[in-house]
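> Quick one: this structure, given as structure tokens, is what I'll be asking you about.
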Amino acid sequence: METSAKISCQILVDLLVANNITNVVISPGSRNAPLVIAISRCEALNKHIVIDERSAAFVALGMAIETGTPTVLVCTSGTAVLNYSPAIAEAYYRRVPIIVVSADRPVEWIDQDDSQTLRQYEALANYVKRSYNIPDNINNDTSIWYINRIINDAIMNATSGRLAPVHINMQFDEPLNGILNKQGNTRVVSNIECYSQLNKSDAHQLASIITQSDKVLIIAGFNNPDKKLNSALSKLAKHDNVVVMTESIANLKDKRFISTIDRVLCVMSPEEKIEAQPDIVITLGGALVSRHIKQYLRDISPAEHWHIGVTENTIDCFKCLTKRININADSFFSQISKLIKPKGNSNYANQWGDINARASLRHDIYVKSAEWSDIKAFDIIFSNIPKKWNLHLSNGTSIRYAQLFDTSMFRRSECNRGVSGIDGSTSTAVGASAICPVTTLLITGDMSAQYDIGALALKQVSPRFKMIVINNGGGGIFRFIKSTSQLPELDEYFACQTNLPLAQLADGFGFDYYEASNEDELKRNLNLFVNNNDKPAILCVNTPANESATILKNYFTQK
């Protein structure tokens with residue numbers, strides 16, 4: 001007689017295949033043996049083995065970001081599932097679908113001091129759309145129907161509405177290594193979504209408001225590349241009364257878009273900021289990196305703020321929200337862009353265009369004359385990296401400097417800005433590079449690199465993965481931000497200079513290694529780094545800590 005655990009595993013595998021979910025990241029264990037057996041024997045699934053569950057979850061995140069489809073995470077019982085928490089929280093706020101499948105002990109052994117046993121069901125409840133628990137006493141048709149129903153429900157929840165992770169906790173009793181013949185009677189439940197169209201009355205009303213407004217500001221936060229959305233926003237940006245601002249990780253590209261928000265806002269006088277106050281702000285995408293735009297809009301408090309996107313929460317970041325429009329952004333802007341009429345008497349787009357041109361000139365002059373520092377290094381890097389590479393950025397130094405440069409040349413730009421942690425940046429980029437056919441470049445700080453150093457040992461690292469480490473004496477961002485830059489505890493407790501022997505680590509993990517400590521070395525070794533396609537590579541860029549912070553502060557305060 002077959003065990004019930006094997007039936008639940010086979011139903012899971014069948015439904016993953018039926019829903020075209022193919023990437024599974026597995027961490028070894030004994031309690032998840034039934035899952036591993038069922039998954040390993042399914043040829044339609046791509047299996048990725050990652051020992052460390054924390055890295056595994058970020059690898060899965062990178063794969064899901066790159067493919068746009070859910071990745072499945074499989075772990076054993078005990079603390080394993082708790083190690084998923086940082087990446088799952090990131091995925092939740094970044095709207096990335098991940099299906100967590102944790103193996104568990106039978107319920108009667110919870111809190112009985114049994115090995116590798118803790119309260120796993122709903123352990124991730126704060127960061128998943130829903131938690132599911134499958135007991136081990138499945139022994140009749142009704143029980144099998146129940147498993148089928150809730151796994152269908154889990155997959156639909158992960159992939160519909162506001163995309164997000166789900167957690168399936170599966171309890172397994174002994175024996176754990178039985179073999180089940182394929183059942184072949186798994187029922188697939190399909191889902192039809194209705195987030196694709198405004199009704200005609202609402203569409204015409206909203207389009208009329210935009211047409212009649214002199215100053216419409218559209219701001220895009222982090223977003224996946226989307227041709228339909230890009231085309232619609234490009235069409236809107238042609239109107240005289242519309243300005244489109246995009247962050248470095250919005251993955252939207254047009255010469256009319258203002259893609260360097262921070263450097264534009266820092267050149268504006270108080271009078272210009274008042275004059276440029278929008279009548280309507282329309283936001284889309286995820287959380288904004290730019291504290292400058294957030295503070296500007298909170299200070300001026302526009303009369304209208306519309307947020308576009310399928311969400312379970314009211315997003316009121318500027319404290320002036322007037323409309324929450326629960327529809328996919330590509331559908332909304334495609335529909336609205338066809339209804340907007342030209343506004344001939346507005347100078348709004350030209351006003352922002354002139355400021356953008358002035359900011360670009362100021363930026364070029366400042367960076368060209370700057371001494372060796374972080375900003376000089378980023379300028380050289382962004383000027384010499386091949387177009388169409390994947391760009392991944394760690395939090396802290398890397399993403400904030402990227403806000404000052406045009407990153408539209410890259411195939412896509414990514415950063416873990418859901419919760420903005422420094423953990424897992426390397427593993428996320430490795431996961432993306434394992435799926436992506438082109439080179440993935442991670443630009444990271446030394447603190448972020450050290451935090452996730454185990455990612456260098458992952459089997460998924462390929463010659464398509466390259467990593468630049470800005471080695472600026474620890475947490476460089478803490479030398480810049482007001483809350484920490486003047487504290488006497490800065491160096492010891494915040495910046496925390498790292499012990500990061502990158503040359504030795506590169507050699508031990510099979511990476512080619514390059515290093516630069518000035519402009520000439522960076523230009524020379526960056527060329528070698530870029531053209532090395534035989535092995536993964538690390539480029540360590542040594543920059544002065546305090547000087548870099550001072551030069552960045554002066555960038556924002558110079559007139």
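Residue numbering restarts at 1 in every chain; chains get A, B, ... in the order shown in the structure tokens, and ligands count up from 1 in that same order.
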Determine which residues of stretch 352-462 of chain A receive a DSSP assignment of strand (DSSP E), computed from the backbone, and state them as an MDAnalysis selection string.
chainID A and resid 390:393 412:415 440:445
> Counting only C-alpha atoms, what is within 12 Å of A:Asn395, bar same-chain residues fewer than 5 positions away, as a ChimeraX atom specification?
/A:289,400-403,414-426,442-449,451,475-477
> Please save N, CA and C atoms of the selected residues as a JSON list (two decimals), in the first residue's frame.

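What landed in part15.json:
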[["chain", "number", "residue", "atom", "x", "y", "z"],
["A", 289, "VAL", "N", 13.15, 54.40, -4.78],
["A", 289, "VAL", "CA", 14.46, 54.54, -4.15],
["A", 289, "VAL", "C", 14.70, 55.99, -3.73],
["A", 400, "ARG", "N", 22.10, 53.68, -4.89],
["A", 400, "ARG", "CA", 22.00, 55.14, -4.79],
["A", 400, "ARG", "C", 22.87, 55.84, -5.83],
["A", 401, "TYR", "N", 24.04, 55.30, -6.10],
["A", 401, "TYR", "CA", 24.86, 55.89, -7.17],
["A", 401, "TYR", "C", 24.21, 55.65, -8.53],
["A", 402, "ALA", "N", 23.59, 54.50, -8.72],
["A", 402, "ALA", "CA", 22.95, 54.21, -10.00],
["A", 402, "ALA", "C", 21.84, 55.21, -10.30],
["A", 403, "GLN", "N", 21.23, 55.79, -9.26],
["A", 403, "GLN", "CA", 20.18, 56.80, -9.47],
["A", 403, "GLN", "C", 20.70, 58.05, -10.17],
["A", 414, "GLU", "N", 18.06, 45.63, -11.86],
["A", 414, "GLU", "CA", 17.36, 45.05, -10.73],
["A", 414, "GLU", "C", 18.06, 45.37, -9.41],
["A", 415, "CYS", "N", 17.26, 45.45, -8.36],
["A", 415, "CYS", "CA", 17.78, 45.60, -7.00],
["A", 415, "CYS", "C", 16.71, 45.12, -6.05],
["A", 416, "ASN", "N", 17.09, 44.51, -4.94],
["A", 416, "ASN", "CA", 16.12, 44.01, -3.97],
["A", 416, "ASN", "C", 15.56, 45.17, -3.14],
["A", 417, "ARG", "N", 14.64, 45.91, -3.77],
["A", 417, "ARG", "CA", 14.07, 47.09, -3.13],
["A", 417, "ARG", "C", 12.71, 46.83, -2.50],
["A", 418, "GLY", "N", 12.28, 45.57, -2.45],
["A", 418, "GLY", "CA", 11.04, 45.27, -1.76],
["A", 418, "GLY", "C", 11.11, 45.66, -0.30],
["A", 419, "VAL", "N", 12.17, 45.19, 0.38],
["A", 419, "VAL", "CA", 12.43, 45.59, 1.76],
["A", 419, "VAL", "C", 13.82, 46.19, 1.93],
["A", 420, "SER", "N", 14.57, 46.27, 0.83],
["A", 420, "SER", "CA", 15.83, 47.03, 0.78],
["A", 420, "SER", "C", 16.91, 46.50, 1.71],
["A", 421, "GLY", "N", 16.97, 45.19, 1.91],
["A", 421, "GLY", "CA", 18.02, 44.62, 2.74],
["A", 421, "GLY", "C", 19.30, 44.38, 1.94],
["A", 422, "ILE", "N", 20.43, 44.29, 2.65],
["A", 422, "ILE", "CA", 21.69, 44.01, 1.96],
["A", 422, "ILE", "C", 21.90, 42.51, 1.81],
["A", 423, "ASP", "N", 21.10, 41.70, 2.51],
["A", 423, "ASP", "CA", 21.29, 40.26, 2.46],
["A", 423, "ASP", "C", 20.78, 39.69, 1.14],
["A", 424, "GLY", "N", 21.54, 38.76, 0.60],
["A", 424, "GLY", "CA", 21.06, 38.00, -0.55],
["A", 424, "GLY", "C", 21.24, 38.62, -1.91],
["A", 425, "SER", "N", 21.91, 39.77, -2.00],
["A", 425, "SER", "CA", 22.08, 40.42, -3.31],
["A", 425, "SER", "C", 22.86, 39.53, -4.28],
["A", 426, "THR", "N", 23.92, 38.89, -3.78],
["A", 426, "THR", "CA", 24.74, 38.05, -4.64],
["A", 426, "THR", "C", 23.97, 36.81, -5.07],
["A", 442, "LEU", "N", 26.68, 42.01, -11.29],
["A", 442, "LEU", "CA", 26.29, 42.51, -9.97],
["A", 442, "LEU", "C", 27.30, 43.57, -9.54],
["A", 443, "ILE", "N", 26.80, 44.76, -9.23],
["A", 443, "ILE", "CA", 27.65, 45.79, -8.61],
["A", 443, "ILE", "C", 27.22, 45.89, -7.16],
["A", 444, "THR", "N", 28.15, 45.60, -6.27],
["A", 444, "THR", "CA", 27.82, 45.49, -4.85],
["A", 444, "THR", "C", 28.84, 46.22, -4.00],
["A", 445, "GLY", "N", 28.45, 46.57, -2.79],
["A", 445, "GLY", "CA", 29.41, 47.12, -1.84],
["A", 445, "GLY", "C", 30.13, 46.01, -1.11],
["A", 446, "ASP", "N", 31.21, 46.36, -0.43],
["A", 446, "ASP", "CA", 31.98, 45.33, 0.27],
["A", 446, "ASP", "C", 31.20, 44.73, 1.44],
["A", 447, "MET", "N", 30.36, 45.51, 2.12],
["A", 447, "MET", "CA", 29.57, 44.97, 3.22],
["A", 447, "MET", "C", 28.52, 43.98, 2.70],
["A", 448, "SER", "N", 27.82, 44.34, 1.64],
["A", 448, "SER", "CA", 26.84, 43.43, 1.05],
["A", 448, "SER", "C", 27.50, 42.16, 0.53],
["A", 449, "ALA", "N", 28.67, 42.31, -0.08],
["A", 449, "ALA", "CA", 29.38, 41.15, -0.61],
["A", 449, "ALA", "C", 29.76, 40.19, 0.51],
["A", 451, "TYR", "N", 28.31, 39.86, 3.41],
["A", 451, "TYR", "CA", 27.11, 39.31, 4.02],
["A", 451, "TYR", "C", 26.65, 38.04, 3.29],
["A", 475, "GLY", "N", 30.34, 50.10, 5.15],
["A", 475, "GLY", "CA", 29.07, 50.69, 4.72],
["A", 475, "GLY", "C", 29.23, 52.15, 4.36],
["A", 476, "GLY", "N", 29.58, 52.40, 3.11],
["A", 476, "GLY", "CA", 29.83, 53.77, 2.66],
["A", 476, "GLY", "C", 28.63, 54.68, 2.80],
["A", 477, "ILE", "N", 27.43, 54.11, 2.70],
["A", 477, "ILE", "CA", 26.23, 54.93, 2.79],
["A", 477, "ILE", "C", 26.10, 55.59, 4.16]]
> Set the distance at 12 Å and use only C-alpha atoms: which residues neighbour A:Ile327 once local chain neighbours fewer than 3 positions away are removed? I'd like the list as JSON, numbers by chain.
{"A": [161, 162, 193, 194, 195, 196, 197, 198, 199, 203, 284, 285, 306, 307, 308, 309, 310, 311, 312, 323, 324, 330, 331, 332, 333, 334, 335]}
> May I have the residues from that selection written out with C-alpha atoms, as a CSV table (one decimal), in the first residue's frame?

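Final output, saved to result_27.csv:
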chain,number,residue,atom,x,y,z
A,161,GLY,CA,-4.0,39.4,-8.6
A,162,ARG,CA,-1.1,41.0,-6.7
A,193,GLU,CA,-8.4,37.4,-14.2
A,194,CYS,CA,-10.3,40.6,-14.7
A,195,TYR,CA,-7.7,43.4,-14.2
A,196,SER,CA,-7.3,44.3,-17.9
A,197,GLN,CA,-9.8,47.0,-18.6
A,198,LEU,CA,-11.4,50.1,-17.2
A,199,ASN,CA,-15.0,50.5,-18.1
A,203,ALA,CA,-11.6,55.6,-18.8
A,284,LEU,CA,3.1,52.9,-10.7
A,285,GLY,CA,5.5,50.1,-9.9
A,306,TRP,CA,-3.5,58.3,-8.3
A,307,HIS,CA,-1.8,55.0,-7.7
A,308,ILE,CA,-2.1,52.4,-10.5
A,309,GLY,CA,-1.6,48.7,-9.9
A,310,VAL,CA,-3.2,45.5,-8.5
A,311,THR,CA,-2.7,45.7,-4.7
A,312,GLU,CA,-4.2,44.6,-1.5
A,323,LYS,CA,-7.5,57.5,-6.3
A,324,ARG,CA,-6.5,53.9,-5.9
A,330,ASP,CA,0.2,48.3,-18.8
A,331,SER,CA,-3.6,48.0,-19.4
A,332,PHE,CA,-4.4,51.3,-17.7
A,333,PHE,CA,-1.9,53.4,-19.5
A,334,SER,CA,-2.5,51.7,-22.9
A,335,GLN,CA,-6.2,52.5,-22.6
> Could you write out, as a ChimeraX atom specification, all the residues of stretch 198-428 of chain A that DSSP marks as alpha helix (DSSP H)?
/A:200-212,227-236,261-265,270-275,291-300,329-337,348-369,374-384,397-402,425-428
> Give one line per residue of stretch 375-477 of chain A that approaches stretch 242-266 of chain A to at most 9 Å, naming the two atoms of the closest pair and their distance in Å to one decimal, counting only C-alpha atoms; sort by chain then ascending residue number and deliver it as CSV.

residue,atom,partner,partner_atom,distance
A:Ile399,CA,A:Ser248,CA,8.2
A:Ala402,CA,A:Ser248,CA,6.5
A:Gln403,CA,A:Ser248,CA,5.6
A:Leu404,CA,A:Thr260,CA,5.5
A:Phe405,CA,A:Thr260,CA,6.3
A:Asp406,CA,A:Thr260,CA,6.6
A:Thr407,CA,A:Ser248,CA,6.1
A:Ser408,CA,A:Lys253,CA,6.0
A:Met409,CA,A:Lys253,CA,8.8
A:Phe410,CA,A:Asn251,CA,8.8
A:Arg411,CA,A:Asn251,CA,8.4
A:Arg412,CA,A:Asn251,CA,5.8
A:Ser413,CA,A:Ile249,CA,5.0
A:Glu414,CA,A:Ile249,CA,5.5
A:Cys415,CA,A:Ile249,CA,7.0
> Applying 9 Å and only C-alpha atoms, which residues near A:Gln450 remain after dropping the ones on its own chain fewer than 5 positions away? List them as a list in words.
Gly445, Thr498, Asn499 and Leu500 of chain A
> Tell me, in Å to one decimal, how far atom CA of A:Ile98 is from atom CA of A:Val72.
5.9 Å
> Would you compute the distance between atom CA of A:Leu441 and atom CA of A:Asp52? Give it in Å to one decimal.
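Atom-to-atom, atom CA of A:Leu441 and atom CA of A:Asp52 are spaced 22.5 Å apart.
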> Of the candidates A:Leu321, A:Val13, A:Leu456, A:Ala57, which shows the shortest atom-to-atom distance to A:Thr283, using only C-alpha atoms?
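Distance minimum relative to A:Thr283 lands on A:Leu321.
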> Applying 8 Å and only C-alpha atoms, which residues near stretch 464-473 of chain A remain after dropping the ones on its own chain fewer than 5 positions away? List them as a count of residues only.
31
> For A:Asn19, work out the shell of residues within 12 Å, counting only C-alpha atoms and skipping chain neighbours fewer than 5 positions away, then give it as a list of chain:residue names.
A:Leu12, A:Val13, A:Asp14, A:Ala44, A:Leu45, A:Thr69, A:Pro70, A:Thr71, A:Ile151, A:Asn152, A:Ala154, A:Ile155, A:Met156, A:Ala158, A:Thr159, A:Arg187, A:Val188, A:Val189, A:Ser190, A:Asn191
> How would the residues just chosen look if you wrote them out with N, CA and C atoms as a compact mmCIF listing (two decimals), in the first residue's frame?

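Okay, again-v7.txt is ready:
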# COMPACT_ATOMS: atom_id res chain seq x y z
N LEU A 12 1.34 17.54 -6.30
CA LEU A 12 2.09 18.80 -6.39
C LEU A 12 2.86 18.86 -7.70
N VAL A 13 3.62 17.82 -8.01
CA VAL A 13 4.42 17.81 -9.24
C VAL A 13 3.54 17.92 -10.47
N ASP A 14 2.45 17.17 -10.50
CA ASP A 14 1.55 17.23 -11.66
C ASP A 14 1.01 18.64 -11.88
N ALA A 44 10.17 17.09 -16.64
CA ALA A 44 9.71 18.42 -17.06
C ALA A 44 10.17 19.54 -16.13
N LEU A 45 10.70 19.18 -14.96
CA LEU A 45 11.13 20.19 -14.00
C LEU A 45 12.64 20.40 -14.05
N THR A 69 7.89 33.98 -13.91
CA THR A 69 7.02 32.89 -13.46
C THR A 69 7.49 32.40 -12.10
N PRO A 70 6.63 31.71 -11.34
CA PRO A 70 7.03 31.29 -10.00
C PRO A 70 8.20 30.31 -10.02
N THR A 71 9.04 30.42 -9.01
CA THR A 71 10.03 29.40 -8.71
C THR A 71 9.54 28.67 -7.46
N ILE A 151 -3.69 22.74 -3.37
CA ILE A 151 -2.49 23.03 -4.18
C ILE A 151 -2.87 23.85 -5.40
N ASN A 152 -4.02 23.55 -6.03
CA ASN A 152 -4.53 24.41 -7.10
C ASN A 152 -4.71 25.83 -6.58
N ALA A 154 -3.25 27.32 -4.05
CA ALA A 154 -1.96 27.95 -3.76
C ALA A 154 -1.32 28.50 -5.03
N ILE A 155 -1.33 27.72 -6.10
CA ILE A 155 -0.72 28.16 -7.35
C ILE A 155 -1.48 29.35 -7.92
N MET A 156 -2.81 29.32 -7.87
CA MET A 156 -3.59 30.45 -8.37
C MET A 156 -3.35 31.70 -7.55
N ALA A 158 -0.61 32.52 -5.95
CA ALA A 158 0.73 33.04 -6.24
C ALA A 158 0.79 33.77 -7.56
N THR A 159 -0.03 33.37 -8.52
CA THR A 159 0.11 33.85 -9.90
C THR A 159 -1.01 34.77 -10.36
N ARG A 187 -6.52 16.86 -11.08
CA ARG A 187 -7.44 17.81 -11.70
C ARG A 187 -6.83 19.21 -11.65
N VAL A 188 -6.78 19.89 -12.80
CA VAL A 188 -6.21 21.23 -12.90
C VAL A 188 -7.34 22.25 -12.91
N VAL A 189 -7.26 23.24 -12.00
CA VAL A 189 -8.25 24.31 -11.94
C VAL A 189 -7.65 25.55 -12.58
N SER A 190 -8.30 26.09 -13.60
CA SER A 190 -7.80 27.28 -14.28
C SER A 190 -8.39 28.55 -13.65
N ASN A 191 -7.77 29.68 -13.96
CA ASN A 191 -8.16 30.93 -13.34
C ASN A 191 -8.27 32.01 -14.42
> As a ChimeraX atom specification, please: the residues near A:Val96 (cut-off 12 Å, only C-alpha atoms, same-chain neighbours under 5 positions excluded).
/A:58,60-72,87-91,127-129,157-166,222-224,286,416-418
> What is the distance, in Å and to one decimal place, between atom CA of A:Ile340 and atom CA of A:Gly221?
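The value is 22.8 Å.
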> May I ask which of the residues A:Ser8, A:Thr397, A:Ser40, A:Ser27 is the closest one to A:Arg149, counting only C-alpha atoms?
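Result for the nearest residue to A:Arg149: A:Ser8.
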